[in-house]
file model-v3.txt (compact mmCIF, C-alpha atoms)
# COMPACT_ATOMS: atom_id res chain seq x y z
CA MET A 1 -24.70 -20.57 34.84
CA THR A 2 -25.93 -19.32 38.18
CA GLU A 3 -28.07 -16.25 38.80
CA SER A 4 -25.82 -15.27 41.73
CA ILE A 5 -25.01 -11.54 41.93
CA THR A 6 -22.49 -9.78 44.16
CA VAL A 7 -22.23 -5.99 44.44
CA LEU A 8 -19.28 -4.20 46.05
CA GLY A 9 -19.68 -0.52 46.79
CA SER A 10 -20.59 2.41 48.96
CA ILE A 11 -23.44 3.19 51.35
CA ASN A 12 -24.46 6.84 51.83
CA THR A 13 -27.32 8.83 53.24
CA ASP A 14 -28.53 11.36 50.65
CA LEU A 15 -29.52 14.84 51.82
CA VAL A 16 -31.37 16.39 48.90
CA ILE A 17 -32.62 19.91 48.08
CA LYS A 18 -34.75 20.62 45.02
CA THR A 19 -33.78 23.96 43.46
CA PRO A 20 -35.11 25.93 40.47
CA THR A 21 -31.58 26.03 39.02
CA LEU A 22 -28.24 24.61 40.09
CA PRO A 23 -25.95 27.17 41.76
CA THR A 24 -22.82 28.40 40.02
CA GLN A 25 -19.58 29.19 41.86
CA GLY A 26 -20.09 31.78 44.59
CA THR A 27 -23.88 31.91 44.26
CA THR A 28 -26.73 30.88 46.54
CA VAL A 29 -29.98 29.43 45.21
CA LEU A 30 -32.99 29.37 47.50
CA GLY A 31 -34.38 25.87 47.31
CA GLY A 32 -37.75 24.29 47.84
CA GLU A 33 -38.32 20.74 49.05
CA PHE A 34 -35.75 18.99 51.27
CA TYR A 35 -35.77 15.26 51.84
CA ARG A 36 -33.47 12.49 53.02
CA ALA A 37 -33.09 9.17 51.23
CA SER A 38 -30.90 6.08 51.27
CA GLY A 39 -28.13 6.23 48.67
CA GLY A 40 -24.53 5.53 47.78
CA LYS A 41 -23.68 4.15 44.36
CA GLY A 42 -22.95 0.67 45.70
CA ALA A 43 -26.13 0.49 47.76
CA ASN A 44 -28.19 1.91 44.90
CA GLN A 45 -26.81 -0.70 42.51
CA ALA A 46 -27.33 -3.48 45.05
CA VAL A 47 -30.94 -2.43 45.69
CA ALA A 48 -31.59 -1.99 41.96
CA ALA A 49 -30.40 -5.56 41.40
CA ALA A 50 -32.20 -6.95 44.45
CA ARG A 51 -35.59 -5.59 43.39
CA LEU A 52 -35.25 -7.28 40.01
CA ALA A 53 -33.44 -10.50 40.91
CA ARG A 54 -35.10 -13.83 41.60
CA GLN A 55 -32.70 -14.65 44.43
CA SER A 56 -30.89 -12.72 47.15
CA VAL A 57 -28.10 -10.34 46.06
CA ARG A 58 -24.87 -10.31 48.07
CA PHE A 59 -23.54 -6.90 49.11
CA VAL A 60 -19.99 -6.06 50.25
CA SER A 61 -19.67 -2.63 51.88
CA ALA A 62 -18.94 -0.62 55.06
CA VAL A 63 -20.86 1.78 57.31
CA GLY A 64 -20.14 3.65 60.53
CA ASP A 65 -21.69 2.89 63.90
CA ASP A 66 -23.64 6.18 63.88
CA GLN A 67 -27.38 6.69 63.40
CA PHE A 68 -27.03 7.04 59.64
CA GLY A 69 -25.30 3.65 59.56
CA VAL A 70 -27.98 1.99 61.70
CA GLU A 71 -30.75 3.37 59.53
CA ALA A 72 -28.94 2.43 56.33
CA ARG A 73 -28.60 -1.20 57.43
CA GLU A 74 -32.23 -1.31 58.54
CA GLY A 75 -33.30 -0.07 55.13
CA LEU A 76 -31.13 -2.59 53.29
CA GLU A 77 -32.51 -5.41 55.43
CA ARG A 78 -35.92 -4.72 53.93
CA GLU A 79 -34.56 -5.44 50.46
CA ASN A 80 -33.69 -8.78 48.87
CA LEU A 81 -30.07 -8.47 50.05
CA ASP A 82 -27.55 -10.68 51.83
CA LEU A 83 -25.77 -8.31 54.25
CA GLU A 84 -23.31 -10.78 55.77
CA HIS A 85 -20.35 -8.85 54.37
CA ILE A 86 -21.25 -5.30 55.47
CA LYS A 87 -18.53 -4.04 57.80
CA VAL A 88 -19.51 -1.77 60.72
CA VAL A 89 -16.67 0.63 61.61
CA GLU A 90 -16.64 1.93 65.17
CA GLY A 91 -16.14 5.66 65.74
CA VAL A 92 -16.34 6.59 62.05
CA ALA A 93 -19.18 8.51 60.40
CA SER A 94 -21.18 6.79 57.69
CA GLY A 95 -21.06 8.19 54.16
CA VAL A 96 -23.18 11.24 53.35
CA ALA A 97 -24.04 12.82 49.98
CA LEU A 98 -25.29 16.39 49.57
CA ILE A 99 -27.42 16.59 46.42
CA MET A 100 -29.08 19.46 44.59
CA VAL A 101 -31.67 18.70 41.89
CA ASP A 102 -32.99 21.37 39.53
CA GLY A 103 -36.34 21.71 37.77
CA GLN A 104 -35.13 19.65 34.79
CA GLY A 105 -33.97 16.75 36.96
CA GLU A 106 -30.25 17.52 36.59
CA ASN A 107 -28.13 17.31 39.72
CA GLN A 108 -24.92 18.26 41.52
CA ILE A 109 -23.52 15.90 44.18
CA ALA A 110 -20.81 16.17 46.83
CA VAL A 111 -19.91 13.12 48.92
CA ALA A 112 -18.23 12.70 52.32
CA SER A 113 -17.20 9.05 52.05
CA GLY A 114 -16.70 8.36 55.76
CA ALA A 115 -16.77 4.65 56.58
CA ASN A 116 -16.82 3.71 52.90
CA LEU A 117 -13.08 4.42 52.87
CA GLU A 118 -12.56 1.77 55.58
CA LEU A 119 -13.40 -1.15 53.30
CA THR A 120 -10.07 -2.93 52.79
CA ARG A 121 -8.49 -5.55 50.58
CA LYS A 122 -8.48 -7.90 53.59
CA ASP A 123 -12.21 -7.41 54.13
CA VAL A 124 -12.83 -8.45 50.54
CA SER A 125 -10.42 -11.39 50.69
CA ARG A 126 -12.32 -12.78 53.69
CA ALA A 127 -15.71 -12.55 51.96
CA ASP A 128 -15.42 -15.99 50.35
CA SER A 129 -19.15 -16.77 50.30
CA ALA A 130 -19.83 -13.61 48.29
CA PHE A 131 -17.98 -14.95 45.23
CA VAL A 132 -19.85 -17.72 43.43
CA GLU A 133 -18.69 -19.51 40.29
CA GLY A 134 -20.73 -18.51 37.24
CA GLY A 135 -22.26 -15.46 38.92
CA VAL A 136 -21.96 -11.73 38.18
CA PHE A 137 -19.80 -9.29 40.15
CA LEU A 138 -20.54 -5.54 39.98
CA ALA A 139 -18.45 -2.72 41.48
CA CYS A 140 -18.16 1.07 41.22
CA LEU A 141 -15.42 3.49 42.34
CA GLU A 142 -16.90 5.06 45.48
CA SER A 143 -15.02 2.45 47.54
CA PRO A 144 -11.21 2.35 47.85
CA TRP A 145 -9.59 1.12 44.65
CA GLU A 146 -7.59 -1.55 46.53
CA ALA A 147 -10.86 -3.10 47.76
CA VAL A 148 -12.45 -2.90 44.30
CA LEU A 149 -9.36 -4.42 42.70
CA ALA A 150 -9.35 -7.24 45.25
CA GLY A 151 -13.00 -7.88 44.38
CA LEU A 152 -12.31 -7.98 40.65
CA ARG A 153 -9.42 -10.41 41.14
CA LYS A 154 -11.41 -12.64 43.47
CA ALA A 155 -14.40 -12.60 41.12
CA LYS A 156 -12.29 -13.53 38.09
CA ALA A 157 -10.63 -16.33 40.05
CA ALA A 158 -14.10 -17.62 40.94
CA GLY A 159 -15.18 -17.62 37.29
CA MET A 160 -17.63 -14.71 37.61
CA THR A 161 -18.59 -12.16 34.95
CA THR A 162 -17.20 -8.81 36.11
CA ILE A 163 -18.81 -5.40 35.56
CA LEU A 164 -16.99 -2.21 36.55
CA ASN A 165 -18.94 1.03 36.64
CA PRO A 166 -16.05 3.57 36.71
CA ALA A 167 -17.93 6.21 38.67
CA PRO A 168 -16.70 8.57 39.82
CA ALA A 169 -14.07 8.46 37.08
CA ASN A 170 -10.57 7.63 38.30
CA ARG A 171 -7.73 7.19 35.84
CA CYS A 172 -5.98 4.81 38.22
CA ILE A 173 -7.94 2.02 36.51
CA MET A 174 -6.31 2.70 33.12
CA ARG A 175 -3.81 -0.14 33.19
CA GLU A 176 -3.76 -3.35 31.21
CA ASP A 177 -3.42 -5.54 34.31
CA TYR A 178 -6.53 -3.85 35.73
CA LEU A 179 -8.89 -3.56 32.78
CA GLU A 180 -8.23 -7.11 31.64
CA LEU A 181 -10.00 -8.12 34.88
CA VAL A 182 -13.15 -6.33 33.65
CA ASP A 183 -15.53 -8.15 31.31
CA ILE A 184 -17.88 -5.17 30.85
CA LEU A 185 -17.00 -1.51 31.51
CA THR A 186 -19.98 0.84 31.95
CA PRO A 187 -18.94 4.52 32.03
CA ASN A 188 -21.29 7.32 31.18
CA GLN A 189 -20.14 9.51 28.30
CA SER A 190 -18.42 12.08 30.54
CA GLU A 191 -16.54 9.37 32.40
CA ALA A 192 -15.51 7.64 29.17
CA ILE A 193 -14.04 10.85 27.79
CA GLU A 194 -12.28 11.71 31.06
CA LEU A 195 -10.79 8.23 31.51
CA ALA A 196 -9.51 8.03 27.94
CA ASP A 197 -8.63 11.73 27.67
CA ALA A 198 -10.51 11.68 24.36
CA GLY A 199 -11.21 15.39 24.25
CA GLN A 200 -14.88 15.53 23.22
CA SER A 201 -18.05 13.52 23.85
CA ARG A 202 -19.45 13.23 20.34
CA LEU A 203 -19.71 9.71 18.96
CA LYS A 204 -16.22 9.85 17.42
CA GLY A 205 -14.68 10.63 20.81
CA LEU A 206 -16.66 7.87 22.51
CA LEU A 207 -15.50 5.33 19.93
CA ARG A 208 -11.92 6.47 20.47
CA SER A 209 -12.41 5.95 24.23
CA ALA A 210 -13.79 2.46 23.64
CA ASP A 211 -10.79 1.62 21.44
CA LEU A 212 -8.45 2.54 24.29
CA PHE A 213 -10.39 0.47 26.82
CA GLN A 214 -10.13 -2.49 24.45
CA GLU A 215 -6.41 -1.97 23.96
CA LEU A 216 -6.04 -2.18 27.75
CA GLY A 217 -7.93 -5.46 27.92
CA CYS A 218 -11.67 -4.85 28.32
CA GLN A 219 -13.46 -5.96 25.15
CA ARG A 220 -17.07 -5.08 26.00
CA ILE A 221 -17.93 -1.45 26.80
CA VAL A 222 -21.36 0.06 27.37
CA ILE A 223 -21.34 3.87 27.42
CA THR A 224 -24.52 5.43 28.77
CA ARG A 225 -25.46 8.76 27.16
CA GLY A 226 -28.55 9.91 29.05
CA ALA A 227 -31.29 11.05 26.68
CA ASP A 228 -28.99 10.19 23.74
CA GLY A 229 -29.16 6.46 24.54
CA LEU A 230 -26.28 3.98 24.63
CA LEU A 231 -23.14 3.05 22.77
CA ILE A 232 -22.47 -0.69 22.99
CA VAL A 233 -19.05 -1.88 21.84
CA ASP A 234 -18.68 -5.65 21.80
CA GLY A 235 -15.42 -6.75 20.21
CA ASP A 236 -15.36 -5.36 16.66
CA GLU A 237 -19.03 -4.38 16.67
CA ALA A 238 -20.23 -0.95 17.79
CA THR A 239 -23.97 -0.28 18.16
CA SER A 240 -25.64 3.04 18.96
CA VAL A 241 -29.00 2.62 20.69
CA GLU A 242 -31.71 5.23 21.23
CA SER A 243 -33.07 5.82 24.73
CA HIS A 244 -36.61 5.42 26.03
CA VAL A 245 -38.45 8.74 26.00
CA VAL A 246 -39.67 9.75 29.47
CA GLU A 247 -40.16 12.98 31.42
CA ALA A 248 -37.19 13.30 33.79
CA VAL A 249 -37.81 14.40 37.38
CA ASP A 250 -34.51 13.39 39.04
CA THR A 251 -31.54 11.72 37.31
CA THR A 252 -29.65 10.97 40.54
CA ALA A 253 -29.65 7.14 40.40
CA ALA A 254 -30.12 6.52 36.70
CA GLY A 255 -26.66 5.02 36.20
CA ASP A 256 -27.05 2.85 39.30
CA ALA A 257 -30.42 1.59 38.10
CA PHE A 258 -28.82 0.73 34.77
CA ASN A 259 -25.92 -1.17 36.29
CA GLY A 260 -27.99 -3.12 38.80
CA ALA A 261 -30.44 -4.19 36.10
CA LEU A 262 -27.58 -5.06 33.73
CA ALA A 263 -26.10 -7.40 36.35
CA VAL A 264 -29.43 -9.17 36.81
CA ALA A 265 -30.04 -9.59 33.09
CA LEU A 266 -26.56 -11.00 32.50
CA ALA A 267 -26.88 -13.32 35.49
CA GLU A 268 -30.08 -14.66 33.93
CA GLY A 269 -28.22 -15.45 30.72
CA LYS A 270 -29.53 -12.65 28.51
CA PRO A 271 -27.14 -11.58 25.71
CA LEU A 272 -25.49 -8.18 26.05
CA PHE A 273 -27.86 -6.22 23.79
CA GLU A 274 -30.97 -7.61 25.46
CA SER A 275 -29.39 -7.00 28.87
CA CYS A 276 -28.79 -3.37 27.89
CA ARG A 277 -32.41 -3.06 26.76
CA TRP A 278 -33.51 -4.23 30.22
CA ALA A 279 -31.05 -1.92 31.95
CA SER A 280 -32.01 1.08 29.81
CA ALA A 281 -35.64 0.61 30.80
CA ALA A 282 -34.70 0.46 34.49
CA ALA A 283 -32.76 3.73 34.13
CA ALA A 284 -35.63 5.40 32.27
CA LEU A 285 -38.08 4.44 35.01
CA SER A 286 -35.76 5.73 37.72
CA VAL A 287 -35.54 9.26 36.34
CA THR A 288 -39.33 9.66 36.50
CA ARG A 289 -39.20 9.51 40.33
CA LEU A 290 -37.52 11.49 43.09
CA GLY A 291 -34.66 10.10 45.16
CA ALA A 292 -32.05 7.41 44.65
CA GLN A 293 -33.30 4.12 46.10
CA PRO A 294 -36.96 5.27 46.17
CA SER A 295 -36.78 5.60 42.38
CA LEU A 296 -35.64 2.04 41.67
CA ALA A 297 -38.14 -0.26 39.98
CA ASN A 298 -39.18 -3.78 40.93
CA ARG A 299 -39.40 -6.57 38.37
CA GLU A 300 -43.14 -6.24 37.74
CA GLU A 301 -42.82 -2.50 37.08
CA LEU A 302 -39.88 -2.99 34.73
CA GLU A 303 -41.50 -5.76 32.72
CA GLY A 304 -44.72 -3.74 32.45
CA PHE A 305 -42.77 -0.72 31.21
CA LEU A 306 -40.95 -2.82 28.61
CA ASN A 307 -44.20 -4.34 27.36
CA ASP A 308 -45.48 -0.83 26.64
CA GLN A 309 -42.33 0.26 24.79
CA ALA A 310 -41.36 -0.14 21.17
CA PRO A 311 -38.18 -2.20 20.59
CA MET A 312 -34.97 -0.22 21.08
CA THR A 313 -33.75 1.30 17.81
CA LYS A 314 -30.13 0.48 17.07
CA HIS A 315 -27.64 1.76 14.49
CA GLN A 316 -24.46 -0.05 13.54
call {"tool": "encode", "arguments": {"input": "model-v3.txt", "output": "structure tokens"}}
result
Amino acid sequence: MTESITVLGSINTDLVIKTPTLPTQGTTVLGGEFYRASGGKGANQAVAAARLARQSVRFVSAVGDDQFGVEAREGLERENLDLEHIKVVEGVASGVALIMVDGQGENQIAVASGANLELTRKDVSRADSAFVEGGVFLACLESPWEAVLAGLRKAKAAGMTTILNPAPANRCIMREDYLELVDILTPNQSEAIELADAGQSRLKGLLRSADLFQELGCQRIVITRGADGLLIVDGDEATSVESHVVEAVDTTAAGDAFNGALAVALAEGKPLFESCRWASAAAALSVTRLGAQPSLANREELEGFLNDQAPMTKHQ
């Protein structure tokens, strides 16, 4: 077992406005604070893992040659990341996300993917040093599916544990020859219901979603449920787990914090439940802070938080 971790995903610059409430269709809400932060689900997950890992995390991604791209790479260089496989695309804008966050920490996000869409299957196939036997591979769906699929295939061929965070939800993944490449699927409850067309997000619907994912080849599913905790389905065993109680300020990167921490815990050989406990704590910490990458905890912060928490309550 190696502690090697590879993340494939997007890089964005987040432009954020805090608002009292989130606007509805056709309405304008006068906001308060504006700030800019590094983001993108892939970059968030890579940074979340890098701040917790004991060795450098490999990152496969793409940015433009504009100022946002330059600043994004400079920021990532300050993290515990191997950036050998970040592609710089000439004449293409880097990814940008427009984010609104209300007074309860809930958000709305729109993304212009830009250079993220230029990451290709060939780029991934050439990234041989990013795929290490016995390591963990993590990907989300803000990069082109062909590139993600190439990464999953290459990771499985290398003998890596594969995690797919299906965000944003895309039903193109719902095929047996795709999901059997995924060792652990980590949708949130909305994504699980949308992917499986299960109709409703109560526990019964989530279990029905998990059954479908298993029928298509992925046997371990972790469904994140925000303040309602987690549903962990591992083979025939389903476990509902309560969340850590914190005061939410901004939920923007909670799922990314969870997935990055999950990859680290699994790479260190922790069993799935204990890995989810670690990841749940990382997500809880992230929502107490503003921004995406600025909210992500380091290892000392996470371990201190866990030491102060009661054990996670689980229900079979």
call {"tool": "residues_around", "arguments": {"input": "model-v3.txt", "residues": "Asp250 in chain A", "least_positions_apart": "5", "cutoff": "8 Å", "atoms": "only C-alpha atoms", "output": "list in words"}}
result
Val101, Gln104, Gly105, Glu106, Asn107, Ser286, Val287, Thr288, Arg289, Leu290 and Gly291 of chain A
call {"tool": "write_last_selection", "arguments": {"input": "model-v3.txt", "atoms": "C-alpha atoms", "output": "PDB file, in the frame of the given file"}}
result
ATOM      1  CA  VAL A 101     -31.670  18.700  41.890  1.00  0.00           C
ATOM      2  CA  GLN A 104     -35.130  19.650  34.790  1.00  0.00           C
ATOM      3  CA  GLY A 105     -33.970  16.750  36.960  1.00  0.00           C
ATOM      4  CA  GLU A 106     -30.250  17.520  36.590  1.00  0.00           C
ATOM      5  CA  ASN A 107     -28.130  17.310  39.720  1.00  0.00           C
ATOM      6  CA  SER A 286     -35.760   5.730  37.720  1.00  0.00           C
ATOM      7  CA  VAL A 287     -35.540   9.260  36.340  1.00  0.00           C
ATOM      8  CA  THR A 288     -39.330   9.660  36.500  1.00  0.00           C
ATOM      9  CA  ARG A 289     -39.200   9.510  40.330  1.00  0.00           C
ATOM     10  CA  LEU A 290     -37.520  11.490  43.090  1.00  0.00           C
ATOM     11  CA  GLY A 291     -34.660  10.100  45.160  1.00  0.00           C
TER      12      GLY A 291
END
call {"tool": "atom_distance", "arguments": {"input": "model-v3.txt", "atom1": "CA of Leu119 in chain A", "atom2": "CA of Cys218 in chain A"}}
result
25.3 Å
call {"tool": "closest_residue", "arguments": {"input": "model-v3.txt", "among": "A:Met100, A:Ala227, A:Ala192, A:Leu266", "to": "Thr28 in chain A", "atoms": "only C-alpha atoms"}}
result
A:Met100
call {"tool": "atom_distance", "arguments": {"input": "model-v3.txt", "atom1": "CA of Asp308 in chain A", "atom2": "CA of Glu274 in chain A"}}
result
16.1 Å
call {"tool": "closest_residue", "arguments": {"input": "model-v3.txt", "among": "A:Phe59, A:Ala50, A:Ser129, A:Asp102", "to": "Thr19 in chain A", "atoms": "all atoms listed in the file"}}
result
A:Asp102
call {"tool": "closest_residue", "arguments": {"input": "model-v3.txt", "among": "A:Ala253, A:Ala263, A:Leu185, A:Val132", "to": "Gly39 in chain A", "atoms": "all atoms listed in the file"}}
result
A:Ala253
call {"tool": "closest_residue", "arguments": {"input": "model-v3.txt", "among": "A:Ser143, A:Gln293, A:Thr6, A:Ser38", "to": "Asp128 in chain A", "atoms": "only C-alpha atoms"}}
result
A:Thr6
call {"tool": "residues_around", "arguments": {"input": "model-v3.txt", "residues": "range 147-156 of chain A", "least_positions_apart": "6", "cutoff": "7 Å", "atoms": "only C-alpha atoms", "output": "list of chain:residue names"}}
result
A:Leu119, A:Thr120, A:Arg121, A:Val124, A:Ser125, A:Phe131, A:Phe137, A:Ala139, A:Thr162, A:Leu181
call {"tool": "closest_residue", "arguments": {"input": "model-v3.txt", "among": "A:Gly134, A:Gly260, A:Pro23, A:Gly269", "to": "Ala283 in chain A", "atoms": "all atoms listed in the file"}}
result
A:Gly260
call {"tool": "residues_around", "arguments": {"input": "model-v3.txt", "residues": "Ala93 in chain A", "least_positions_apart": "3", "cutoff": "9 Å", "atoms": "only C-alpha atoms", "output": "VMD selection string"}}
result
chain A and resid 63 to 69 89 to 90 96 113 to 115
call {"tool": "closest_residue", "arguments": {"input": "model-v3.txt", "among": "A:Ala261, A:Leu138, A:Leu195, A:Leu231", "to": "Arg299 in chain A", "atoms": "only C-alpha atoms"}}
result
A:Ala261
call {"tool": "atom_distance", "arguments": {"input": "model-v3.txt", "atom1": "CA of Ile193 in chain A", "atom2": "CA of Val233 in chain A"}}
result
14.9 Å
call {"tool": "residues_near_point", "arguments": {"input": "model-v3.txt", "point": "(-21.8, 10.3, 41.1)", "cutoff": "8 Å", "atoms": "only C-alpha atoms", "output": "JSON list (two decimals) with C-alpha atoms, in the frame of the given file"}}
result
[["chain", "number", "residue", "atom", "x", "y", "z"],
["A", 41, "LYS", "CA", -23.68, 4.15, 44.36],
["A", 109, "ILE", "CA", -23.52, 15.90, 44.18],
["A", 167, "ALA", "CA", -17.93, 6.21, 38.67],
["A", 168, "PRO", "CA", -16.70, 8.57, 39.82],
["A", 252, "THR", "CA", -29.65, 10.97, 40.54]]
call {"tool": "residues_around", "arguments": {"input": "model-v3.txt", "residues": "Ser190 in chain A", "least_positions_apart": "3", "cutoff": "10 Å", "atoms": "all atoms listed in the file", "output": "list of chain:residue names"}}
result
A:Ala169, A:Pro187, A:Ile193, A:Glu194, A:Leu195, A:Gln200, A:Ser201, A:Leu206, A:Ile223, A:Thr224, A:Arg225
call {"tool": "residues_around", "arguments": {"input": "model-v3.txt", "residues": "Ile184 in chain A", "least_positions_apart": "2", "cutoff": "7 Å", "atoms": "only C-alpha atoms", "output": "ChimeraX atom specification"}}
result
/A:162-164,182,186,218,220-221
call {"tool": "axis_aligned_box", "arguments": {"input": "model-v3.txt", "around": "range 54-63 of chain A", "padding_each_side": "6 Å", "output": "AutoDock Vina command-line options"}}
result
--center_x -27.0 --center_y -6.4 --center_z 49.5 --size_x 28.2 --size_y 28.4 --size_z 27.7
call {"tool": "residues_near_point", "arguments": {"input": "model-v3.txt", "point": "(-20.3, 2.5, 44.4)", "cutoff": "10 Å", "atoms": "all atoms listed in the file", "output": "PDB file with C-alpha atoms, in the coordinates of the input"}}
result
ATOM      1  CA  VAL A   7     -22.230  -5.990  44.440  1.00  0.00           C
ATOM      2  CA  LEU A   8     -19.280  -4.200  46.050  1.00  0.00           C
ATOM      3  CA  GLY A   9     -19.680  -0.520  46.790  1.00  0.00           C
ATOM      4  CA  SER A  10     -20.590   2.410  48.960  1.00  0.00           C
ATOM      5  CA  ILE A  11     -23.440   3.190  51.350  1.00  0.00           C
ATOM      6  CA  ASN A  12     -24.460   6.840  51.830  1.00  0.00           C
ATOM      7  CA  GLY A  39     -28.130   6.230  48.670  1.00  0.00           C
ATOM      8  CA  GLY A  40     -24.530   5.530  47.780  1.00  0.00           C
ATOM      9  CA  LYS A  41     -23.680   4.150  44.360  1.00  0.00           C
ATOM     10  CA  GLY A  42     -22.950   0.670  45.700  1.00  0.00           C
ATOM     11  CA  ALA A  43     -26.130   0.490  47.760  1.00  0.00           C
ATOM     12  CA  ASN A  44     -28.190   1.910  44.900  1.00  0.00           C
ATOM     13  CA  GLN A  45     -26.810  -0.700  42.510  1.00  0.00           C
ATOM     14  CA  ALA A  46     -27.330  -3.480  45.050  1.00  0.00           C
ATOM     15  CA  SER A  61     -19.670  -2.630  51.880  1.00  0.00           C
ATOM     16  CA  ASN A 116     -16.820   3.710  52.900  1.00  0.00           C
ATOM     17  CA  LEU A 138     -20.540  -5.540  39.980  1.00  0.00           C
ATOM     18  CA  ALA A 139     -18.450  -2.720  41.480  1.00  0.00           C
ATOM     19  CA  CYS A 140     -18.160   1.070  41.220  1.00  0.00           C
ATOM     20  CA  LEU A 141     -15.420   3.490  42.340  1.00  0.00           C
ATOM     21  CA  GLU A 142     -16.900   5.060  45.480  1.00  0.00           C
ATOM     22  CA  SER A 143     -15.020   2.450  47.540  1.00  0.00           C
ATOM     23  CA  PRO A 144     -11.210   2.350  47.850  1.00  0.00           C
ATOM     24  CA  VAL A 148     -12.450  -2.900  44.300  1.00  0.00           C
ATOM     25  CA  LEU A 164     -16.990  -2.210  36.550  1.00  0.00           C
ATOM     26  CA  ASN A 165     -18.940   1.030  36.640  1.00  0.00           C
ATOM     27  CA  PRO A 166     -16.050   3.570  36.710  1.00  0.00           C
ATOM     28  CA  ALA A 167     -17.930   6.210  38.670  1.00  0.00           C
ATOM     29  CA  PRO A 168     -16.700   8.570  39.820  1.00  0.00           C
ATOM     30  CA  ASP A 256     -27.050   2.850  39.300  1.00  0.00           C
TER      31      ASP A 256
END
call {"tool": "build_atoms", "arguments": {"input": "model-v3.txt", "residues": "range 102-117 of chain A", "atoms": "N, CA and C atoms", "output": "JSON list (two decimals), in the coordinates of the input"}}
result
[["chain", "number", "residue", "atom", "x", "y", "z"],
["A", 102, "ASP", "N", -32.28, 20.22, 40.07],
["A", 102, "ASP", "CA", -32.99, 21.37, 39.53],
["A", 102, "ASP", "C", -34.33, 20.97, 38.89],
["A", 103, "GLY", "N", -35.01, 21.94, 38.32],
["A", 103, "GLY", "CA", -36.34, 21.71, 37.77],
["A", 103, "GLY", "C", -36.37, 20.80, 36.56],
["A", 104, "GLN", "N", -35.22, 20.57, 35.93],
["A", 104, "GLN", "CA", -35.13, 19.65, 34.79],
["A", 104, "GLN", "C", -34.64, 18.26, 35.18],
["A", 105, "GLY", "N", -34.42, 18.06, 36.49],
["A", 105, "GLY", "CA", -33.97, 16.75, 36.96],
["A", 105, "GLY", "C", -32.47, 16.58, 36.96],
["A", 106, "GLU", "N", -31.71, 17.60, 36.55],
["A", 106, "GLU", "CA", -30.25, 17.52, 36.59],
["A", 106, "GLU", "C", -29.77, 17.75, 38.02],
["A", 107, "ASN", "N", -28.56, 17.25, 38.32],
["A", 107, "ASN", "CA", -28.13, 17.31, 39.72],
["A", 107, "ASN", "C", -26.66, 17.67, 39.87],
["A", 108, "GLN", "N", -26.30, 18.12, 41.07],
["A", 108, "GLN", "CA", -24.92, 18.26, 41.52],
["A", 108, "GLN", "C", -24.79, 17.49, 42.83],
["A", 109, "ILE", "N", -23.67, 16.77, 43.01],
["A", 109, "ILE", "CA", -23.52, 15.90, 44.18],
["A", 109, "ILE", "C", -22.14, 16.07, 44.77],
["A", 110, "ALA", "N", -22.07, 16.21, 46.10],
["A", 110, "ALA", "CA", -20.81, 16.17, 46.83],
["A", 110, "ALA", "C", -20.92, 15.08, 47.89],
["A", 111, "VAL", "N", -19.86, 14.29, 48.04],
["A", 111, "VAL", "CA", -19.91, 13.12, 48.92],
["A", 111, "VAL", "C", -18.81, 13.20, 49.99],
["A", 112, "ALA", "N", -19.19, 12.95, 51.24],
["A", 112, "ALA", "CA", -18.23, 12.70, 52.32],
["A", 112, "ALA", "C", -18.24, 11.19, 52.55],
["A", 113, "SER", "N", -17.18, 10.52, 52.13],
["A", 113, "SER", "CA", -17.20, 9.05, 52.05],
["A", 113, "SER", "C", -17.25, 8.36, 53.40],
["A", 114, "GLY", "N", -16.63, 8.94, 54.42],
["A", 114, "GLY", "CA", -16.70, 8.36, 55.76],
["A", 114, "GLY", "C", -16.27, 6.91, 55.80],
["A", 115, "ALA", "N", -17.12, 6.06, 56.37],
["A", 115, "ALA", "CA", -16.77, 4.65, 56.58],
["A", 115, "ALA", "C", -16.55, 3.88, 55.29],
["A", 116, "ASN", "N", -17.06, 4.40, 54.17],
["A", 116, "ASN", "CA", -16.82, 3.71, 52.90],
["A", 116, "ASN", "C", -15.32, 3.54, 52.62],
["A", 117, "LEU", "N", -14.52, 4.48, 53.11],
["A", 117, "LEU", "CA", -13.08, 4.42, 52.87],
["A", 117, "LEU", "C", -12.39, 3.37, 53.73]]
